[in-house]
Each structure stands twice: as structure tokens, then as C-alpha cells.
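Data block for structure16.csv (CSV, C-alpha atoms):
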chain,number,residue,atom,x,y,z
A,1,MET,CA,0.0,0.0,0.0
A,2,THR,CA,1.4,3.4,-0.9
A,3,GLY,CA,1.9,6.0,1.8
A,4,THR,CA,-0.9,8.2,0.3
A,5,LYS,CA,-3.3,5.4,0.0
A,6,LYS,CA,-2.6,4.4,3.6
A,7,ASN,CA,-3.0,8.0,4.7
A,8,ASN,CA,-6.3,8.4,2.9
A,9,ILE,CA,-7.7,5.4,4.7
A,10,LEU,CA,-6.4,6.7,8.0
A,11,TYR,CA,-7.9,10.2,7.4
A,12,LYS,CA,-11.2,8.7,6.5
A,13,SER,CA,-11.4,6.7,9.7
A,14,ILE,CA,-10.3,9.7,11.8
A,15,ARG,CA,-12.9,11.8,10.0
A,16,ILE,CA,-15.7,9.3,10.8
A,17,LYS,CA,-14.7,9.1,14.4
A,18,CYS,CA,-14.5,12.9,14.8
A,19,ARG,CA,-18.0,13.3,13.3
A,20,GLU,CA,-19.2,10.7,15.8
A,21,ILE,CA,-17.8,12.7,18.7
A,22,LEU,CA,-19.0,16.1,17.5
A,23,GLY,CA,-22.4,15.1,16.2
A,24,LYS,CA,-24.0,15.5,12.8
A,25,LYS,CA,-24.9,19.2,13.2
A,26,VAL,CA,-21.4,20.5,13.7
A,27,ILE,CA,-19.5,21.5,10.6
A,28,PHE,CA,-16.3,19.6,10.5
A,29,GLY,CA,-13.3,19.4,8.1
A,30,LEU,CA,-10.0,17.6,8.1
A,31,ILE,CA,-7.3,19.0,5.7
A,32,PRO,CA,-4.3,16.9,5.2
A,33,PHE,CA,-1.1,18.9,4.7
A,34,GLU,CA,2.5,18.4,5.7
A,35,LYS,CA,4.9,21.0,4.5
A,36,GLU,CA,2.9,23.9,3.2
A,37,LEU,CA,2.2,25.8,6.4
A,38,ASN,CA,5.9,25.7,7.4
A,39,GLU,CA,4.9,26.1,11.0
A,40,HIS,CA,6.8,24.6,13.9
A,41,ASP,CA,4.4,25.3,16.8
A,42,ARG,CA,1.0,23.8,16.9
A,43,TYR,CA,-2.1,25.8,17.6
A,44,ILE,CA,-5.8,25.4,18.5
A,45,LEU,CA,-7.5,28.6,17.4
A,46,MET,CA,-10.9,29.4,18.9
A,47,ASN,CA,-13.1,32.5,18.9
A,48,TYR,CA,-12.1,33.8,22.3
A,49,GLN,CA,-8.8,32.0,23.0
A,50,TYR,CA,-6.0,30.2,21.4
A,51,ILE,CA,-3.7,27.4,22.6
A,52,GLN,CA,0.0,27.1,21.5
A,53,SER,CA,2.0,23.9,21.9
A,54,GLY,CA,5.6,23.2,21.2
A,55,ASN,CA,4.8,19.6,20.4
A,56,SER,CA,2.2,17.8,18.4
A,57,PHE,CA,-1.1,17.5,20.2
A,58,SER,CA,-1.1,13.8,19.2
A,59,SER,CA,1.8,13.2,21.6
A,60,ILE,CA,0.7,15.1,24.7
A,61,PHE,CA,-0.6,11.9,26.4
A,62,PRO,CA,1.4,9.1,24.8
A,63,ALA,CA,0.0,5.6,24.4
A,64,ASN,CA,1.3,3.0,26.9
A,65,GLY,CA,4.8,2.0,26.0
A,66,LEU,CA,5.5,5.1,23.9
A,67,LYS,CA,8.1,7.7,24.9
A,68,LYS,CA,7.0,10.4,27.2
A,69,HIS,CA,7.9,14.1,26.7
A,70,SER,CA,10.6,15.8,28.5
A,71,ASN,CA,9.3,18.6,30.8
A,72,THR,CA,10.8,21.2,28.4
A,73,SER,CA,7.7,21.0,26.2
A,74,THR,CA,5.1,23.7,27.0
A,75,LEU,CA,1.5,24.4,26.3
A,76,ARG,CA,-0.1,27.9,26.8
A,77,ILE,CA,-3.6,29.3,26.6
A,78,PHE,CA,-3.8,32.9,25.4
A,79,SER,CA,-6.9,35.1,25.7
A,80,ILE,CA,-7.7,37.2,22.6
A,81,VAL,CA,-9.2,39.8,24.9
A,82,SER,CA,-5.7,41.2,24.6
A,83,PRO,CA,-5.4,43.0,21.2
A,84,ILE,CA,-1.8,41.7,20.9
A,85,ASN,CA,-2.9,38.1,21.2
A,86,PHE,CA,-5.8,38.8,18.8
A,87,SER,CA,-3.4,40.2,16.2
A,88,ILE,CA,-1.1,37.1,16.6
A,89,MET,CA,-4.1,34.8,16.0
A,90,ALA,CA,-5.2,37.0,13.1
A,91,GLU,CA,-1.7,36.6,11.5
A,92,LEU,CA,-1.9,32.8,11.9
A,93,LEU,CA,-5.3,32.7,10.3
A,94,LYS,CA,-4.1,34.9,7.5
A,95,ARG,CA,-1.2,32.5,6.8
A,96,MET,CA,-3.5,29.5,7.0
A,97,LYS,CA,-6.0,31.0,4.6
A,98,LYS,CA,-3.2,31.7,2.1
A,99,THR,CA,-2.2,28.0,2.3
A,100,LEU,CA,-5.7,26.9,1.8
A,101,ASP,CA,-6.1,29.2,-1.2
A,102,ILE,CA,-3.0,27.6,-2.7
A,103,PHE,CA,-4.6,24.2,-2.2
A,104,HIS,CA,-7.7,25.5,-3.9
A,105,GLU,CA,-5.7,26.9,-6.9
A,106,ARG,CA,-4.0,23.5,-7.3
A,107,LYS,CA,-7.4,21.8,-6.8
A,108,GLU,CA,-5.5,19.4,-4.6
A,109,ASN,CA,-7.7,19.6,-1.5
A,110,LEU,CA,-10.5,17.1,-1.3
A,111,ARG,CA,-13.1,19.3,0.3
A,112,PHE,CA,-12.5,22.8,1.8
A,113,ILE,CA,-14.8,23.7,4.7
A,114,ASP,CA,-14.8,27.4,5.5
A,115,SER,CA,-14.6,28.6,9.0
A,116,ARG,CA,-16.2,31.7,10.6
A,117,LEU,CA,-12.8,32.4,12.2
A,118,PHE,CA,-11.7,33.8,8.8
A,119,TYR,CA,-14.4,36.4,9.2
A,120,TYR,CA,-12.1,39.2,10.4
A,121,MET,CA,-10.2,39.1,7.0
A,122,SER,CA,-13.4,39.9,5.0
A,123,GLN,CA,-13.9,42.9,7.4
A,124,GLU,CA,-10.3,44.0,6.9
A,125,SER,CA,-10.6,44.0,3.1
A,126,GLU,CA,-13.7,46.2,3.2
B,1,MET,CA,-10.3,43.3,18.1
B,2,LEU,CA,-13.3,41.6,19.6
B,3,THR,CA,-16.7,43.4,19.3
B,4,ALA,CA,-18.3,44.0,22.7
B,5,HIS,CA,-22.1,44.7,22.7
B,6,VAL,CA,-22.7,46.3,26.1
B,7,ASP,CA,-25.7,47.8,27.8
B,8,VAL,CA,-25.0,51.2,29.4
B,9,GLY,CA,-26.0,49.7,32.8
B,10,ILE,CA,-23.1,47.3,32.8
B,11,LEU,CA,-20.6,50.0,31.9
B,12,THR,CA,-21.8,52.5,34.5
B,13,ASP,CA,-21.9,49.7,37.1
B,14,ALA,CA,-18.2,48.8,36.3
B,15,VAL,CA,-17.1,52.5,36.5
B,16,ARG,CA,-19.0,53.2,39.7
B,17,LYS,CA,-17.5,50.1,41.4
B,18,TYR,CA,-14.0,51.1,40.2
B,19,LEU,CA,-14.4,54.6,41.5
B,20,ILE,CA,-15.5,53.4,44.9
B,21,ASP,CA,-12.7,50.8,45.2
B,22,ARG,CA,-9.7,51.4,43.0
B,23,ILE,CA,-7.4,49.0,44.8
B,24,THR,CA,-9.3,45.7,44.8
B,25,ARG,CA,-11.3,46.3,41.7
B,26,PRO,CA,-9.0,45.9,38.7
B,27,ARG,CA,-9.5,48.2,35.8
B,28,GLU,CA,-9.1,45.5,33.1
B,29,PHE,CA,-12.8,45.3,32.1
B,30,ILE,CA,-13.1,49.1,31.7
B,31,ASP,CA,-9.9,49.3,29.8
B,32,PHE,CA,-11.0,46.4,27.5
B,33,LEU,CA,-14.2,48.2,26.7
B,34,ASN,CA,-12.6,51.6,26.4
B,35,LYS,CA,-9.5,50.8,24.4
B,36,ASN,CA,-9.3,47.2,23.4
B,37,SER,CA,-12.6,46.3,21.8
B,38,HIS,CA,-15.0,47.6,19.2
B,39,LEU,CA,-17.7,48.8,21.5
B,40,VAL,CA,-21.4,48.9,20.7
B,41,LEU,CA,-23.4,50.7,23.4
B,42,TYR,CA,-27.1,50.1,24.1
B,43,GLY,CA,-29.5,52.2,26.2
B,44,ASN,CA,-29.4,55.8,27.3
B,45,PRO,CA,-27.4,56.8,30.4
B,46,VAL,CA,-28.9,59.3,32.9
B,47,GLU,CA,-27.2,62.7,32.8
B,48,ASP,CA,-24.6,62.0,35.6
B,49,ASP,CA,-23.6,58.8,34.0
B,50,PHE,CA,-23.5,60.4,30.6
B,51,ARG,CA,-20.8,62.9,31.8
B,52,LEU,CA,-18.9,60.0,33.4
B,53,LEU,CA,-19.0,57.9,30.3
B,54,SER,CA,-18.2,60.7,27.9
B,55,ARG,CA,-14.9,61.3,29.8
B,56,LEU,CA,-14.2,57.6,30.0
B,57,LEU,CA,-14.8,56.9,26.3
B,58,GLU,CA,-12.5,59.7,25.0
B,59,GLY,CA,-9.2,58.8,23.2
B,60,ARG,CA,-10.0,55.2,22.1
B,61,GLY,CA,-7.2,54.9,19.6
B,62,ASP,CA,-8.0,52.5,16.8
B,63,SER,CA,-11.0,51.0,18.4
B,64,LEU,CA,-14.5,51.9,17.2
B,65,ILE,CA,-17.5,53.0,19.3
B,66,ARG,CA,-21.1,52.8,18.0
B,67,LYS,CA,-24.3,53.7,19.6
B,68,ASN,CA,-27.2,51.3,18.9
B,69,THR,CA,-30.8,52.5,19.0
B,70,GLU,CA,-31.9,49.3,20.9
B,71,THR,CA,-32.2,49.6,24.7
B,72,SER,CA,-30.4,46.3,25.3
B,73,CYS,CA,-28.1,44.0,23.4
B,74,CYS,CA,-29.9,40.9,24.7
B,75,SER,CA,-32.3,40.5,21.9
B,76,ILE,CA,-30.6,42.1,18.8
B,77,VAL,CA,-30.2,40.1,15.6
B,78,PRO,CA,-26.4,39.3,15.7
B,79,ASP,CA,-24.1,39.2,12.7
B,80,ILE,CA,-24.0,35.4,12.6
B,81,ASN,CA,-20.9,35.4,10.4
B,82,ASN,CA,-18.8,37.1,13.1
B,83,PRO,CA,-17.7,34.7,15.9
B,84,PHE,CA,-15.7,37.4,17.6
B,85,GLN,CA,-18.5,39.0,19.6
B,86,LEU,CA,-19.3,39.3,23.3
B,87,PHE,CA,-22.6,40.3,24.9
B,88,PHE,CA,-22.9,42.1,28.2
B,89,ALA,CA,-26.5,42.9,29.1
B,90,SER,CA,-28.1,44.4,32.2
B,91,GLU,CA,-30.6,41.5,32.5
B,92,ASN,CA,-30.0,37.8,31.7
B,93,LYS,CA,-32.7,37.7,29.1
B,94,PHE,CA,-30.7,36.8,26.0
B,95,SER,CA,-32.4,35.5,22.9
B,96,MET,CA,-31.6,31.8,22.1
B,97,GLU,CA,-29.7,33.0,19.0
B,98,ILE,CA,-27.3,35.0,21.1
B,99,GLN,CA,-27.1,32.6,24.1
B,100,ASP,CA,-26.4,29.5,21.9
B,101,ASN,CA,-23.7,31.1,19.8
B,102,TYR,CA,-21.7,33.6,21.8
B,103,PHE,CA,-20.2,34.6,25.1
B,104,VAL,CA,-22.8,36.2,27.2
B,105,ALA,CA,-22.8,37.8,30.7
B,106,SER,CA,-25.2,39.9,32.7
B,107,ILE,CA,-25.0,42.4,35.6
B,108,GLU,CA,-24.8,39.5,38.1
B,109,ASP,CA,-21.8,37.6,36.6
B,110,TYR,CA,-20.0,39.9,34.2
B,111,GLU,CA,-16.9,40.5,36.4
B,112,GLU,CA,-16.4,36.8,37.1
B,113,LYS,CA,-17.0,35.8,33.5
B,114,PHE,CA,-14.7,38.5,32.2
B,115,ASN,CA,-12.0,37.2,34.5
B,116,GLU,CA,-12.4,33.7,33.1
B,117,LEU,CA,-12.3,35.1,29.6
B,118,SER,CA,-9.2,37.0,30.0
B,119,SER,CA,-7.2,34.5,32.1
B,120,GLU,CA,-4.2,32.7,30.6
B,121,LYS,CA,-2.7,29.4,31.6
B,122,TYR,CA,0.6,27.8,31.2
B,123,PHE,CA,1.5,24.1,31.4
B,124,ARG,CA,4.7,22.1,31.1
B,125,ILE,CA,4.1,18.7,29.6
B,126,GLY,CA,5.4,15.9,31.7
B,127,ASP,CA,6.0,18.3,34.6
B,128,LEU,CA,5.9,16.8,38.1
B,129,VAL,CA,5.0,20.1,39.8
B,130,SER,CA,1.3,19.9,40.4
B,131,GLU,CA,0.6,23.6,39.7
B,132,THR,CA,1.8,23.5,36.1
B,133,LYS,CA,1.2,19.8,35.3
B,134,LEU,CA,-1.3,19.0,32.6
B,135,ASN,CA,-3.3,16.2,34.0
B,136,SER,CA,-5.9,15.8,31.3
B,137,TRP,CA,-7.3,17.6,28.3
B,138,ASN,CA,-10.0,18.9,30.7
B,139,ASP,CA,-7.4,21.2,32.2
B,140,LEU,CA,-7.5,23.2,28.9
B,141,ASN,CA,-11.3,23.6,29.2
B,142,SER,CA,-11.6,27.0,30.8
B,143,GLY,CA,-15.4,27.1,30.6
B,144,VAL,CA,-15.3,30.0,28.2
B,145,TYR,CA,-17.9,29.5,25.5
B,146,LEU,CA,-16.5,28.0,22.3
B,147,SER,CA,-18.2,27.9,19.0
B,148,ASP,CA,-15.5,27.7,16.4
B,149,ILE,CA,-12.2,25.9,16.4
B,150,ILE,CA,-9.3,25.4,14.0
B,151,LEU,CA,-6.6,22.9,15.0
B,152,ILE,CA,-3.2,23.4,13.2
B,153,ASP,CA,-1.0,20.4,13.6
B,154,PRO,CA,0.7,18.6,10.7
B,155,PHE,CA,1.4,15.6,12.9
B,156,ILE,CA,-2.0,15.1,14.6
B,157,ALA,CA,-2.9,12.2,12.3
B,158,ASN,CA,0.6,11.0,11.9
B,159,THR,CA,0.0,7.8,13.8
B,160,ASP,CA,-2.0,4.7,13.2
B,161,ASN,CA,-1.8,3.9,16.9
B,162,GLU,CA,-5.4,3.9,18.0
B,163,GLU,CA,-4.7,4.5,21.7
B,164,THR,CA,-2.7,7.7,20.8
B,165,LEU,CA,-5.6,9.0,18.8
B,166,GLU,CA,-8.1,8.1,21.6
B,167,LYS,CA,-6.0,9.7,24.3
B,168,ASN,CA,-5.3,12.9,22.4
B,169,LEU,CA,-7.3,14.0,19.3
B,170,PHE,CA,-10.6,12.3,20.2
B,171,GLU,CA,-10.4,13.1,23.9
B,172,MET,CA,-9.6,16.7,23.1
B,173,LEU,CA,-12.6,17.0,20.8
B,174,SER,CA,-14.9,15.4,23.4
B,175,ILE,CA,-13.8,17.9,26.0
B,176,PHE,CA,-14.1,21.0,23.7
B,177,SER,CA,-17.5,19.9,22.2
B,178,SER,CA,-18.9,20.0,25.8
B,179,ASN,CA,-18.6,23.8,25.5
B,180,ASN,CA,-21.1,24.0,22.7
B,181,PHE,CA,-20.0,24.3,19.2
B,182,TYR,CA,-21.7,26.6,16.7
B,183,VAL,CA,-24.3,24.5,15.1
B,184,ALA,CA,-25.2,25.2,11.5
B,185,TYR,CA,-28.8,24.3,10.7
In C-alpha cells, how does this file's structure come out?
Amino acid sequence: MTGTKKNNILYKSIRIKCREILGKKVIFGLIPFEKELNEHDRYILMNYQYIQSGNSFSSIFPANGLKKHSNTSTLRIFSIVSPINFSIMAELLKRMKKTLDIFHERKENLRFIDSRLFYYMSQESE
Amino acid sequence: MLTAHVDVGILTDAVRKYLIDRITRPREFIDFLNKNSHLVLYGNPVEDDFRLLSRLLEGRGDSLIRKNTETSCCSIVPDINNPFQLFFASENKFSMEIQDNYFVASIEDYEEKFNELSSEKYFRIGDLVSETKLNSWNDLNSGVYLSDIILIDPFIANTDNEETLEKNLFEMLSIFSSNNFYVAY
């Protein structure tokens, strides 16, 4: 099985499980990318806060028998009540949107699901 | 910047409390409304309050201030495309459309809820010190209303170990979804 084929099966099963957790009425999208974002840190962006992690979120709680993190790895929650934090998150969203637009142009992405978090950009361009 | 829909009653309450007790009452909420948000004000202040608020709301820098003709923000029709909105109303009588999709607070709980909203946390993964140790994904659940989420992590699905996915991605989604996601009908 090629890597891509294996990944597609994996993404499909993850997508199904995520939909199960979130329920049918929640809009959900999973976008496979590896190099395009060129981002070291990992983020969870939300409408009032964002979380930054130095490590992949998939390895915060390792499975039994797998290597644990050293305590140098950190995870922070920032509030976007602070305009500085808001602008950091806006910059991340801008970069992400640019990457998604490249996917779109290449017609590579299976299915793009828009997010309301990109809203501020439409306001900016007005 | 976030957009704050605020009833005049909340703003005058915050200013009055601050003027009575400047030491124990932090100014963050007033500063947020005054300088760090796009403020939409609802209701008409009485004359004394009007003078107080006029002075307070001078010199806002880049932030906008708008006066809405409605007497309270609790039943306006919100711009549903904008997830960056907060609602502070004198009475806790929010419409379902606002309550189900945004951060809301009333005169009874706005101070406490704003503190939750503006608080920041720090964890060291694998730390043995209990104060900064991340015990579970639930530690990241601050209780702040959540409607939209984007997770950026090129390696989140870079495993076919089911237990890793269960303990991380799936558990995280379960925790966050308990805060109510925006539901598109």
C-alpha cells in the first residue's frame, strides 16, 4: 500500500470518528497537509482564546509503552481579549487562509470547509 | 479586536465600582471596553452617567464605538458570520440565537465571567510540579464559551496507533465539544 493510500484510509477513519464525537450538526473538516504551512508550533485557534503547543497535540498523552515528553515542552492558553494576542491569531489565520487558497488553486484539496474564524479578514478588506 | 455589545447599565456599574474601590477592583474590564474592543453601546445613560462615560470613552485609539438604538443588546439580531462578539446585558434575558452562539454575561456575573475570559494558563508537559502539570485535556477547558475551532498540527494524524488518537485528538474533541460548538442548521 502506498503512503498516500494508507494516509487516505487513516484520514477517512479519523474523519468518521471525529464526526461521531461532534455530532452531525457540527460543521467539521480535516485537511491533510504536511509542509505547506511551514509552522513549527501547533495551535488550537478558537473564537475567544488560542492554545499554543511546542509539540504535536497527538503526543501530549502518549500511548502505553511510547516515549514520554521531557518537561521542556510547554502548552499555553492565550486570551484574545488582549489585542496583541488577537493580532497574533489573526496573522496565523491569514497564513493559514493563504495556504488553503494555494490548495484551492492547485485543486488538490478534497473538500474545503470554510470557518467563521476567517471572518475578520473579510472585514479587513472592506 | 473583539466586538463588545454592552448595555450602558453594565458600563456604569463597572465604572462606579471602580471609582469606589480602585485598589481591589481591577480596571481591566473598563480598559477592555474603552481601548481594546470595538464597542457597541445600548441604552441611554442618565445625565450624571453620561458625563462620566463621555470622559471615559474619549481617546479610544484604533477601536470603534457605536451607539445602537436598541435599549439592550440581549435581543438584537447578531451578525451570525462574526464569531468574535461578546454580549454584556443588564438582564440575563438573552435570545436563544445569542445565548447559543456567543459569550454572554449579565450584571450578576460579568466580572467573574470576564476574569475567566481574560485569564491565561501555562502548562509544562510531563511536569511533576502539580501547579503547572497538565493532568488531562480537561485542564484546557476554561469554561469559556466556544463555537469555532481550527486545529493546526501537521502531525495530529501522523499515527495509526489507536490509543494515541483516543488519548489525544478524540479526547480533546470530546472535551471541547462539551462547551457547545456553533451548530449550522
Atom-to-atom span, atom CA of B:Tyr145 and atom CA of A:Asn47, Å:
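Computing it gives 8.7 Å between the two atoms.
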Residue with smallest distance to chain A - pool B:Arg66, B:Lys17, B:Lys35, B:Lys93, counting all atoms listed in the file:
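Between B:Arg66, B:Lys17, B:Lys35, B:Lys93, the residue approaching chain A most closely is B:Lys35.
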Using all atoms listed in the file, which protein or nucleic acid residues come within 6 Å of A:Ser53? Drop anything in the same chain fewer than 3 positions from it, and give the result as a PDB file with C-alpha atoms, in the coordinates of the input.
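Final file, result_11.pdb:
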ATOM      1  CA  ASP A  41       4.400  25.300  16.800  1.00  0.00           C
ATOM      2  CA  ARG A  42       1.000  23.800  16.900  1.00  0.00           C
ATOM      3  CA  THR A  74       5.100  23.700  27.000  1.00  0.00           C
ATOM      4  CA  LEU A  75       1.500  24.400  26.300  1.00  0.00           C
TER       5      LEU A  75
END
What does the distance from atom CA of A:Ile102 to atom CA of B:Asn158 come to in Å, to one decimal?
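Computing the Euclidean distance for atom CA of A:Ile102 and atom CA of B:Asn158 yields 22.4 Å.
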So which residues touch B:Phe176 within 12 Å, counting all atoms listed in the file, skipping near sequence neighbours fewer than 5 positions away, as a list in words?
Ile21, Leu22, Ile44, Leu45 and Met46 of chain A; Trp137, Asn138, Asp139, Leu140, Asn141, Ser142, Gly143, Val144, Tyr145, Leu146, Ser147, Asp148, Ile149, Ile150, Leu151, Leu169, Phe170, Glu171, Phe181 and Tyr182 of chain B
Any chance you could export the current selection's C-alpha atoms as a tab-separated table (two decimals), keeping the file's coordinate frame?
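After the write, again-v6.tsv holds the following:
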chain	number	residue	atom	x	y	z
A	21	ILE	CA	-17.80	12.70	18.70
A	22	LEU	CA	-19.00	16.10	17.50
A	44	ILE	CA	-5.80	25.40	18.50
A	45	LEU	CA	-7.50	28.60	17.40
A	46	MET	CA	-10.90	29.40	18.90
B	137	TRP	CA	-7.30	17.60	28.30
B	138	ASN	CA	-10.00	18.90	30.70
B	139	ASP	CA	-7.40	21.20	32.20
B	140	LEU	CA	-7.50	23.20	28.90
B	141	ASN	CA	-11.30	23.60	29.20
B	142	SER	CA	-11.60	27.00	30.80
B	143	GLY	CA	-15.40	27.10	30.60
B	144	VAL	CA	-15.30	30.00	28.20
B	145	TYR	CA	-17.90	29.50	25.50
B	146	LEU	CA	-16.50	28.00	22.30
B	147	SER	CA	-18.20	27.90	19.00
B	148	ASP	CA	-15.50	27.70	16.40
B	149	ILE	CA	-12.20	25.90	16.40
B	150	ILE	CA	-9.30	25.40	14.00
B	151	LEU	CA	-6.60	22.90	15.00
B	169	LEU	CA	-7.30	14.00	19.30
B	170	PHE	CA	-10.60	12.30	20.20
B	171	GLU	CA	-10.40	13.10	23.90
B	181	PHE	CA	-20.00	24.30	19.20
B	182	TYR	CA	-21.70	26.60	16.70
Give the answer as one residue: which of B:Gln85, B:Asn34, B:Thr69, B:Thr12 has the shortest atom-to-atom distance to A:Arg116, using all atoms listed in the file?
B:Gln85
I'd like the interatomic distance between atom CA of A:Asn85 and atom CA of B:Phe114, to a tenth of an Å.
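Separation between atom CA of A:Asn85 and atom CA of B:Phe114: 16.1 Å.
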Write out as a ChimeraX atom specification every residue belonging to chain A that has an atom at most 7 Å from any atom of chain B, counting only C-alpha atoms.
/A:18,21-22,25-27,33-34,42-48,56-58,60-63,69-79,81,83,86,116-117,119
Kindly indicate which residue among A:Thr99, A:Arg19, A:Phe28, A:Ser87 lies nearest to A:Gln49, using only C-alpha atoms for the distances.
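Counting only C-alpha atoms, the residue closest to A:Gln49 is A:Ser87.
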Could you give me, as a list of chain:residue names, the residues that have an atom at most 8 Å away from the point (-19.2, 46.1, 35.7) in the coordinates of the file, using all atoms listed in the file?
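The answer, in the requested form, is B:Ile10, B:Leu11, B:Thr12, B:Asp13, B:Ala14, B:Val15, B:Lys17, B:Phe29, B:Ile30, B:Ile107, B:Tyr110, B:Glu111.
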Which of B:Ser54, B:Asn92, B:Ser72, B:Thr24 sits closest to B:Asp109 [using only C-alpha atoms]
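Nearest to B:Asp109: B:Asn92.
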